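Just below is one structure, and these are the notes that go with it.
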Amino acid sequence: MNVLLVEDDLVLADGLSRMLKSHGLSVNTVNNGTDADALLQRYTATVLVLDIGLPGLDGFEVVRRLRARGSNMPVLLLTARDTIPDRVHGLELGADDYLVKPFATPELVARIKALIRRSSPQPTQLTIGGLSLDTSSKRATIDGKKVDFSVREWTVLEYLMQQASRVVSKQQIIDAVLPWGEDVTLNAVEVYVSRIRTKTAGSGVAIRTIRGFGYMLEKSDA
Amino acid sequence: MRRSPASNTTHKVVRHSIKFNLLKWLIAPLLAVNLIGAGLTYWLAWLPAQDAFDQSITDAAWALTSQIKRVRGKTSLELTKQAEQMLRSDHFDTMYFVVRDANGETLAGDHNFPPVNQIDEPNEPVTYDGVMNGEQVRIAALYVSIERTPIYIGIAETFRKRNQTHYVILISLLLLDGVLTAFSIVIVLVAVNKGLHPLRELQQNLDQRNRDNLTPIDVEQTTEELTPVVKAINSLLENIRKGATAQQNFLANVAHQIRTPLTGLRLQLEWLQQRHANEPETAHSTELMTSSVERMVRQSNQLLALARAEPSRFKPTHLEELSLDKLVEESVQHFIEQADKKQIDLGFDLQPARVRGDRFMLRDLIDNLVDNAIRYSPPQSTVTVSCREQEDATLLSIEDSGPGIAPEHRELIFDRFYRVNDKISGSGLGLAIVRDIAKDHGGEITLTSGEEDCGTIFTVRFPHGAKEDV
């Protein structure tokens with residue numbers, strides 16, 4: 001899981017690389033567009049985090065050349081400018097996501113992880129607190145003890161675990177479990193979440209209700 | 001064009017009014033000319049009338065001479081009773097006459113007639129004023145020589161007819177002149193008002209403009225004389241517009257420029273915080289630094305939002321059909337993190353709600369309203385964000401259970417840099433930005449008290465009809 005970070009502001013590059021490393025990612029840093037372009041011709045990163053305003057080649061040009069070479073490496077653009085033309089231009093050139101400075105670190109990490117998930121096989125093991133999900137064998141354990149979930153509970157829980165520390169709306173949960181091909185009401189989601197809460201009590205994982213909106217799974221102190 | 005209040009209060013400034021000047025310079029000379037004209041007319045009417053009256057008594061004097069006969073050294077007037085009656089009779093006036101010799105001896109007529117022998121030239125009648133029986137009279141005196149004997153003839157007439165005529169002339173002239181003057185003044189007033197109409201129109205045009213309307217005035221619509229003024233105003237407006245744009249661009253540029261270093265600073269601080277979480281002194285210090293950085297981040301975002309929301313900069317071309325509920329959803333994560341810091345129960349009630357607008361600006365609007373509610377609500381209180389669609393409008397409301405906003409602050413809180421509570425950090429720009437963005441979208445923002453007069457509800461109303469106009 002290696003991130004190639006292209007950022008000309010040295011303080012920001014240094015901070016970003018430390019932060020990403022602390023989240024378990026390996027990071028290579030390049031400080032200008034020309035070097036990035038040269039490096040990308042012989043090196044493949046899991047995710048490319050690219051600043052737009054770079055000396056030499058700018059970020060747009062780096063993406064354009066990368067896509068011209070046929071690479072489908074996920075690209076997250078960083079920019080200080082958040083006007084629509086900038087954003088549209090970047091996405092049209094083939095960038096996958098777009099983040100405006102100053103961003104919150106969890107937001108960046110979540111987006112990078114989302115890009116990784118999209119491009120590489122899902123991690124088979126999701127662990128938060130004492131709760132572990134093995135997505136290939138569909139086995140769940142709390143502090144090593146096996147817990148049983150229904151198929152629907154499992155899908156909802158898996159989605160919440162993937163989106164840990166992020167607020168997800170009930171609609172998003174429904175969209176994520178839609179492959180069932182059945183009608184799922186907002187009330188049904190509430191029922192599943194309530195059952196999951198009961199079964200995961202004491203596991204160090206809490207599912208917070210965001211009033212009128214959805215849920216957020218996070219590590220709890222208990 | 002608008003009267004400045006300062007000049008009314010501090011010192012009296014002599015204000016020159018074009019209208020007053022025009023009226024002064026038109027009406028005063030007109031009155032003078034009218035007065036002079038009236039005087040001349042008076043003399044032109046009165047002098048010939050006087051002459052005519054004089055002539056008539058002189059004629060009577062001449063007529064009398066023909067009746068004077070000298071028979072054997074004795075002069076006598078041969079006047080029949082009827083003739084004398086005819087001479088004396090007049091509708092208005094009393095007539096007197098006298099015939100005297102060189103010694104002043106009265107030969108005929110009224111004995112008490114004033115002396116008439118001061119004339120030197122014969123056959124040259126003179127007229128003058130005198131007194132007869134205690135009444136003012138006009139006298140015509142004639143000195144003729146009948147068979148070498150000098151004879152003085154006097155005819156006197158009282159002033160009644162003359163006074164009557166004089167009176168009639170004076171009254172008619174005064175009436176005529178009064179009417180003429182009144183007419184002239186009315187014409188001058190109408191003409192001045194008509195002449196100044198383009199000025200008033202220009203003034204109205206400028207008065208009706210709101211703060212953000214810097215479009216030039218149509219030169220084609222103005223008169224020739226006002227064209228230079230309008231051109232000057234237009235170039236001034238253009239300068240203001242350029243200045244405003246330059247200011248907005250500068251703001252936007254600065255805000256953009258400081259974003260990258262701020263992001264770096266924040267990341268480094270986060271890193272430091274993680275590493276030294278167990279050292280209270282360092283943790284305290286990094287926490288303070290982080291809060292400062294957060295403030296700077298917020299301020300720079302606010303400056304950028306302000307620059308973007310500035311109505312003169314607003315570009316309706318960027319408008320798209322958006323769902324307000326989705327826009328709120330995009331920021332929920334950020335709001336929850338913010339609310340968690342104050343343990344505020346942040347809830348939502350998001351119905352599908354369409355709005356036509358600029359994505360970033362609407363996000364600024366939502367962000368500022370929610371941030372404002374969280375910032376000014378006490379810890380552990382409740383904030384609810386809701387949006388819904390009505391028949392004619394889309395509504396966005398943010399309700400808090402905070403202390404509420406006193407009525408005297410309600411108008412002012414939308415002004416830039418106005419802050420209700422100085423103890424809470426904030427730029428004082430948030431609600432000004434919100435108001436500008438709402439205005440850009442043809443919407444309006446209202447402020448009401450929550451249930452049981454507790455808390456505050458900010459409601460932004462985006463009318464459906466207005467969408468097409470923007």
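Please note that chains go A, B, ... in the order of the structure tokens, that every chain numbers its residues from 1, and that ligands are numbered from 1 in the order shown.
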
Using only C-alpha atoms, which residues sit within 9 Å of Gly15 (chain A) once same-chain residues fewer than 5 positions away are excluded, as an mmCIF file with N, CA, C and O atoms, in the first residue's frame?
data_model
loop_
_atom_site.group_PDB
_atom_site.id
_atom_site.type_symbol
_atom_site.label_atom_id
_atom_site.label_comp_id
_atom_site.auth_asym_id
_atom_site.auth_seq_id
_atom_site.Cartn_x
_atom_site.Cartn_y
_atom_site.Cartn_z
ATOM 1 N N LEU A 10 7.184 22.011 1.112
ATOM 2 C CA LEU A 10 7.933 20.986 1.842
ATOM 3 C C LEU A 10 7.343 20.692 3.211
ATOM 4 O O LEU A 10 7.328 19.553 3.658
ATOM 5 N N LEU A 20 0.333 10.007 6.829
ATOM 6 C CA LEU A 20 -0.075 8.810 6.087
ATOM 7 C C LEU A 20 0.663 7.585 6.610
ATOM 8 O O LEU A 20 0.084 6.503 6.739
ATOM 9 N N THR B 263 -2.300 24.313 5.581
ATOM 10 C CA THR B 263 -2.510 22.869 5.607
ATOM 11 C C THR B 263 -1.275 22.166 6.156
ATOM 12 O O THR B 263 -1.372 21.246 6.982
ATOM 13 N N GLY B 264 -0.103 22.632 5.693
ATOM 14 C CA GLY B 264 1.148 22.042 6.180
ATOM 15 C C GLY B 264 1.290 22.216 7.674
ATOM 16 O O GLY B 264 1.596 21.264 8.410
ATOM 17 N N LEU B 265 1.014 23.441 8.120
ATOM 18 C CA LEU B 265 1.129 23.750 9.541
ATOM 19 C C LEU B 265 0.202 22.860 10.364
ATOM 20 O O LEU B 265 0.580 22.304 11.398
ATOM 21 N N ARG B 266 -1.025 22.698 9.879
ATOM 22 C CA ARG B 266 -1.999 21.911 10.605
ATOM 23 C C ARG B 266 -1.570 20.438 10.701
ATOM 24 O O ARG B 266 -1.668 19.825 11.763
ATOM 25 N N LEU B 267 -1.055 19.923 9.567
ATOM 26 C CA LEU B 267 -0.617 18.525 9.563
ATOM 27 C C LEU B 267 0.532 18.299 10.542
ATOM 28 O O LEU B 267 0.554 17.321 11.297
ATOM 29 N N GLN B 268 1.493 19.220 10.519
ATOM 30 C CA GLN B 268 2.639 19.086 11.421
ATOM 31 C C GLN B 268 2.175 19.119 12.877
ATOM 32 O O GLN B 268 2.668 18.377 13.721
ATOM 33 N N LEU B 269 1.205 19.987 13.152
ATOM 34 C CA LEU B 269 0.692 20.090 14.515
ATOM 35 C C LEU B 269 -0.011 18.804 14.933
ATOM 36 O O LEU B 269 0.152 18.322 16.052
ATOM 37 N N GLU B 270 -0.803 18.261 14.009
ATOM 38 C CA GLU B 270 -1.504 17.006 14.304
ATOM 39 C C GLU B 270 -0.500 15.915 14.642
ATOM 40 O O GLU B 270 -0.688 15.123 15.566
ATOM 41 N N TRP B 271 0.555 15.907 13.885
ATOM 42 C CA TRP B 271 1.613 14.907 14.079
ATOM 43 C C TRP B 271 2.232 15.053 15.459
ATOM 44 O O TRP B 271 2.422 14.095 16.197
#

Considering only C-alpha atoms, give me a table of residues in chain A that are at most 12 Å from chain B, with the closest atom pair and distance in Å for each, as a Markdown table.
| residue | atom | partner | partner_atom | distance |
| --- | --- | --- | --- | --- |
| A:Glu7 | CA | B:Thr260 | CA | 9.8 |
| A:Asp8 | CA | B:Thr260 | CA | 9.7 |
| A:Asp9 | CA | B:Thr260 | CA | 7.2 |
| A:Leu10 | CA | B:Gly264 | CA | 8.1 |
| A:Val11 | CA | B:Gly264 | CA | 5.2 |
| A:Leu12 | CA | B:Gly264 | CA | 3.5 |
| A:Ala13 | CA | B:Gly264 | CA | 7.2 |
| A:Asp14 | CA | B:Gln268 | CA | 7.8 |
| A:Gly15 | CA | B:Gln268 | CA | 4.8 |
| A:Leu16 | CA | B:Leu267 | CA | 6.4 |
| A:Ser17 | CA | B:Leu267 | CA | 9.5 |
| A:Arg18 | CA | B:Trp271 | CA | 7.1 |
| A:Met19 | CA | B:Trp271 | CA | 6.4 |
| A:Leu20 | CA | B:Trp271 | CA | 10.2 |
| A:Lys21 | CA | B:Trp271 | CA | 10.6 |
| A:Ser22 | CA | B:Trp271 | CA | 8.8 |
| A:His23 | CA | B:Trp271 | CA | 11.3 |
| A:Asp51 | CA | B:Thr260 | CA | 9.9 |
| A:Ile52 | CA | B:Thr260 | CA | 11.2 |
| A:Gly53 | CA | B:Thr260 | CA | 10.0 |
| A:Leu54 | CA | B:Thr260 | CA | 11.7 |
| A:Leu78 | CA | B:Thr260 | CA | 9.7 |
| A:Thr79 | CA | B:Thr260 | CA | 8.3 |
| A:Ala80 | CA | B:His256 | CA | 5.5 |
| A:Arg81 | CA | B:His256 | CA | 6.3 |
| A:Asp82 | CA | B:Phe360 | CA | 8.0 |
| A:Thr83 | CA | B:Phe360 | CA | 7.7 |
| A:Ile84 | CA | B:His318 | CA | 8.0 |
| A:Pro85 | CA | B:His318 | CA | 9.5 |
| A:Arg87 | CA | B:Phe360 | CA | 11.2 |
| A:Leu99 | CA | B:Thr263 | CA | 11.9 |
| A:Val100 | CA | B:Arg259 | CA | 9.1 |
| A:Lys101 | CA | B:Arg259 | CA | 5.9 |
| A:Pro102 | CA | B:Thr263 | CA | 4.8 |
| A:Phe103 | CA | B:Thr263 | CA | 6.9 |
| A:Ala104 | CA | B:Thr263 | CA | 8.6 |
| A:Thr105 | CA | B:Leu267 | CA | 7.3 |
| A:Pro106 | CA | B:Gln333 | CA | 10.3 |
| A:Glu107 | CA | B:Gln333 | CA | 8.9 |
| A:Leu108 | CA | B:Leu267 | CA | 11.2 |
| A:Ala110 | CA | B:Gln333 | CA | 11.6 |
| A:Gln163 | CA | B:Gln333 | CA | 11.5 |
| A:Ala164 | CA | B:Gln333 | CA | 11.7 |
| A:Ser165 | CA | B:Gln333 | CA | 9.1 |
| A:Arg166 | CA | B:Gln333 | CA | 6.4 |
| A:Val167 | CA | B:Gln333 | CA | 5.5 |
| A:Val168 | CA | B:Gln333 | CA | 8.5 |
| A:Ser169 | CA | B:Glu329 | CA | 8.1 |
| A:Lys170 | CA | B:Glu329 | CA | 11.4 |
| A:Gln171 | CA | B:Glu329 | CA | 10.9 |
| A:Gln172 | CA | B:Glu329 | CA | 10.6 |
| A:Arg208 | CA | B:Ile336 | CA | 11.0 |
| A:Thr209 | CA | B:Gly347 | CA | 9.3 |
| A:Ile210 | CA | B:Gly347 | CA | 6.2 |
| A:Arg211 | CA | B:Gly347 | CA | 4.3 |
| A:Gly212 | CA | B:Phe348 | CA | 4.5 |
| A:Phe213 | CA | B:Phe348 | CA | 5.6 |
| A:Gly214 | CA | B:Phe348 | CA | 9.2 |
| A:Tyr215 | CA | B:Gln333 | CA | 10.7 |
| A:Met216 | CA | B:Gln333 | CA | 9.4 |

Inset, instruction - Output as a PyMOL selection string all residues of region 170-263 of chain B that backbone DSSP marks as helix (DSSP H, G or I). - result: chain B and resi 170-208+219-221+227-263

Inset, instruction - Step one, run DSSP on the backbone; step two, keep only residues of region 16-140 of chain B assigned to strand (DSSP E or B); then write them as a PyMOL selection string. - result: chain B and resi 68-71+74-77+95-101+106-109+126-132+135-140

Those residues you just picked out, can you put them in a file as a PDB file, in the first residue's frame with C-alpha atoms?
ATOM      1  CA  ILE B  68     -66.529 139.366 -25.461  1.00  0.00           C
ATOM      2  CA  LYS B  69     -67.496 142.595 -27.098  1.00  0.00           C
ATOM      3  CA  ARG B  70     -66.113 146.079 -26.687  1.00  0.00           C
ATOM      4  CA  VAL B  71     -68.655 148.727 -27.204  1.00  0.00           C
ATOM      5  CA  LYS B  74     -66.540 149.315 -22.395  1.00  0.00           C
ATOM      6  CA  THR B  75     -65.883 145.652 -22.365  1.00  0.00           C
ATOM      7  CA  SER B  76     -68.764 143.286 -21.818  1.00  0.00           C
ATOM      8  CA  LEU B  77     -69.490 139.607 -22.062  1.00  0.00           C
ATOM      9  CA  MET B  95     -67.149 124.824 -13.670  1.00  0.00           C
ATOM     10  CA  TYR B  96     -66.188 128.409 -12.860  1.00  0.00           C
ATOM     11  CA  PHE B  97     -65.235 131.262 -15.136  1.00  0.00           C
ATOM     12  CA  VAL B  98     -64.142 134.846 -14.983  1.00  0.00           C
ATOM     13  CA  VAL B  99     -63.403 137.699 -17.355  1.00  0.00           C
ATOM     14  CA  ARG B 100     -61.160 140.410 -15.989  1.00  0.00           C
ATOM     15  CA  ASP B 101     -59.492 143.543 -17.291  1.00  0.00           C
ATOM     16  CA  THR B 106     -64.073 141.384 -12.798  1.00  0.00           C
ATOM     17  CA  LEU B 107     -66.114 142.101 -15.873  1.00  0.00           C
ATOM     18  CA  ALA B 108     -68.154 138.924 -15.810  1.00  0.00           C
ATOM     19  CA  GLY B 109     -68.312 135.505 -14.117  1.00  0.00           C
ATOM     20  CA  VAL B 126     -51.746 128.341 -19.656  1.00  0.00           C
ATOM     21  CA  THR B 127     -53.124 125.728 -17.307  1.00  0.00           C
ATOM     22  CA  TYR B 128     -52.316 125.353 -13.624  1.00  0.00           C
ATOM     23  CA  ASP B 129     -53.768 124.139 -10.348  1.00  0.00           C
ATOM     24  CA  GLY B 130     -55.544 126.423  -7.970  1.00  0.00           C
ATOM     25  CA  VAL B 131     -58.162 126.546  -5.201  1.00  0.00           C
ATOM     26  CA  MET B 132     -61.729 127.759  -5.623  1.00  0.00           C
ATOM     27  CA  GLU B 135     -61.744 122.915  -3.541  1.00  0.00           C
ATOM     28  CA  GLN B 136     -58.837 121.973  -5.763  1.00  0.00           C
ATOM     29  CA  VAL B 137     -59.423 123.149  -9.302  1.00  0.00           C
ATOM     30  CA  ARG B 138     -57.659 123.112 -12.636  1.00  0.00           C
ATOM     31  CA  ILE B 139     -57.479 126.571 -14.157  1.00  0.00           C
ATOM     32  CA  ALA B 140     -57.037 127.535 -17.799  1.00  0.00           C
TER      33      ALA B 140
END

Inset, instruction - Please measure the separation of CA of Leu322 (chain B) and CA of Gly357 (chain B), giving the value in Å to one decimal. - result: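 Going from CA of Leu322 (chain B) over to CA of Gly357 (chain B), I get 6.8 Å.
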
Legend entry - Residues near Val75 (chain A), cut-off 10 Å, only C-alpha atoms, skip fewer than 6 positions along chain, as a PyMOL selection string: chain A and resi 4+45-50+63+66+90-91+94-98+112+115

Inset, instruction - Considering only C-alpha atoms, return as JSON, numbers by chain whatever protein or nucleic-acid residues lie within 10 Å of Ser71 (chain A), sequence-local ones (same chain, fewer than 4 positions apart) excluded. - result: {"A": [40, 41, 44, 63, 65, 66, 67]}

Legend entry - Selection: 10 Å around Asp134 (chain A), only C-alpha atoms, excl. self and same-chain fewer than 5 positions, as a PyMOL selection string: chain A and resi 123-127+139-141+158

Inset, instruction - Would you list the contacts of Asn372 (chain B) as a PyMOL selection string, taking every protein, DNA or RNA residue within 10 Å and counting only C-alpha atoms, but skipping same-chain residues closer than 3 positions in sequence? - result: chain B and resi 366-369+375-377+398+400+426+428+430-431

Might you pull out every residue within 12 Å of Ala38 (chain A), with only C-alpha atoms counted and same-chain residues fewer than 4 positions away left off, and present them as a compact mmCIF listing (two decimals) with N, CA, C and O atoms, in the first residue's frame?
# COMPACT_ATOMS: atom_id res chain seq x y z
N VAL A 30 7.67 13.36 -3.88
CA VAL A 30 8.36 14.08 -4.95
C VAL A 30 7.89 15.53 -4.86
O VAL A 30 6.75 15.79 -4.51
N ASN A 32 8.21 18.08 -7.37
CA ASN A 32 7.79 18.85 -8.55
C ASN A 32 7.21 17.93 -9.61
O ASN A 32 7.39 16.72 -9.58
N GLY A 33 6.51 18.53 -10.56
CA GLY A 33 5.77 17.78 -11.57
C GLY A 33 6.68 17.01 -12.52
O GLY A 33 6.35 15.88 -12.93
N THR A 34 7.78 17.60 -12.87
CA THR A 34 8.69 16.95 -13.82
C THR A 34 9.23 15.63 -13.24
O THR A 34 9.20 14.59 -13.91
N ARG A 42 8.16 4.62 -14.57
CA ARG A 42 8.73 3.31 -14.29
C ARG A 42 8.27 2.76 -12.94
O ARG A 42 8.74 1.73 -12.48
N TYR A 43 7.36 3.49 -12.28
CA TYR A 43 7.00 3.11 -10.92
C TYR A 43 5.49 3.13 -10.77
O TYR A 43 4.83 4.02 -11.30
N THR A 44 4.94 2.16 -10.11
CA THR A 44 3.50 2.14 -9.91
C THR A 44 3.19 2.23 -8.42
O THR A 44 3.67 1.41 -7.63
N GLY A 56 7.33 23.36 -12.63
CA GLY A 56 7.55 22.44 -13.75
C GLY A 56 6.21 22.08 -14.35
O GLY A 56 5.39 22.94 -14.60
N LEU A 57 5.97 20.77 -14.51
CA LEU A 57 4.65 20.35 -15.01
C LEU A 57 3.64 20.53 -13.88
O LEU A 57 3.94 20.20 -12.73
N VAL A 62 0.44 16.27 -15.27
CA VAL A 62 0.94 14.97 -14.80
C VAL A 62 -0.15 13.91 -14.97
O VAL A 62 0.10 12.80 -15.47
N ARG A 65 -0.69 13.06 -18.72
CA ARG A 65 0.34 12.18 -19.27
C ARG A 65 0.20 10.76 -18.73
O ARG A 65 0.39 9.79 -19.46
N LEU A 66 -0.16 10.69 -17.42
CA LEU A 66 -0.32 9.38 -16.80
C LEU A 66 -1.42 8.59 -17.51
O LEU A 66 -1.23 7.42 -17.89

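A straight line drawn from CA of Trp154 (chain A) to CA of Tyr192 (chain A) is 9.2 Å long.
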
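With only C-alpha atoms as the atoms that count, the residue of A:Ile116, A:Met1, A:Val205, A:Leu131 with the shortest distance to Asn28 (chain A) is A:Met1.
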
Inset, instruction - Work out how far apart CA of Ala38 (chain B) and CA of Lys161 (chain B) are and give it in Å to one decimal. - result: 22.3 Å

Legend entry - Which of B:Val370, B:Ile437, B:Met86, B:Ala141 sits closest to Glu121 (chain B) [using only C-alpha atoms]: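 With only C-alpha atoms as the atom set, the closest residue is B:Ala141.
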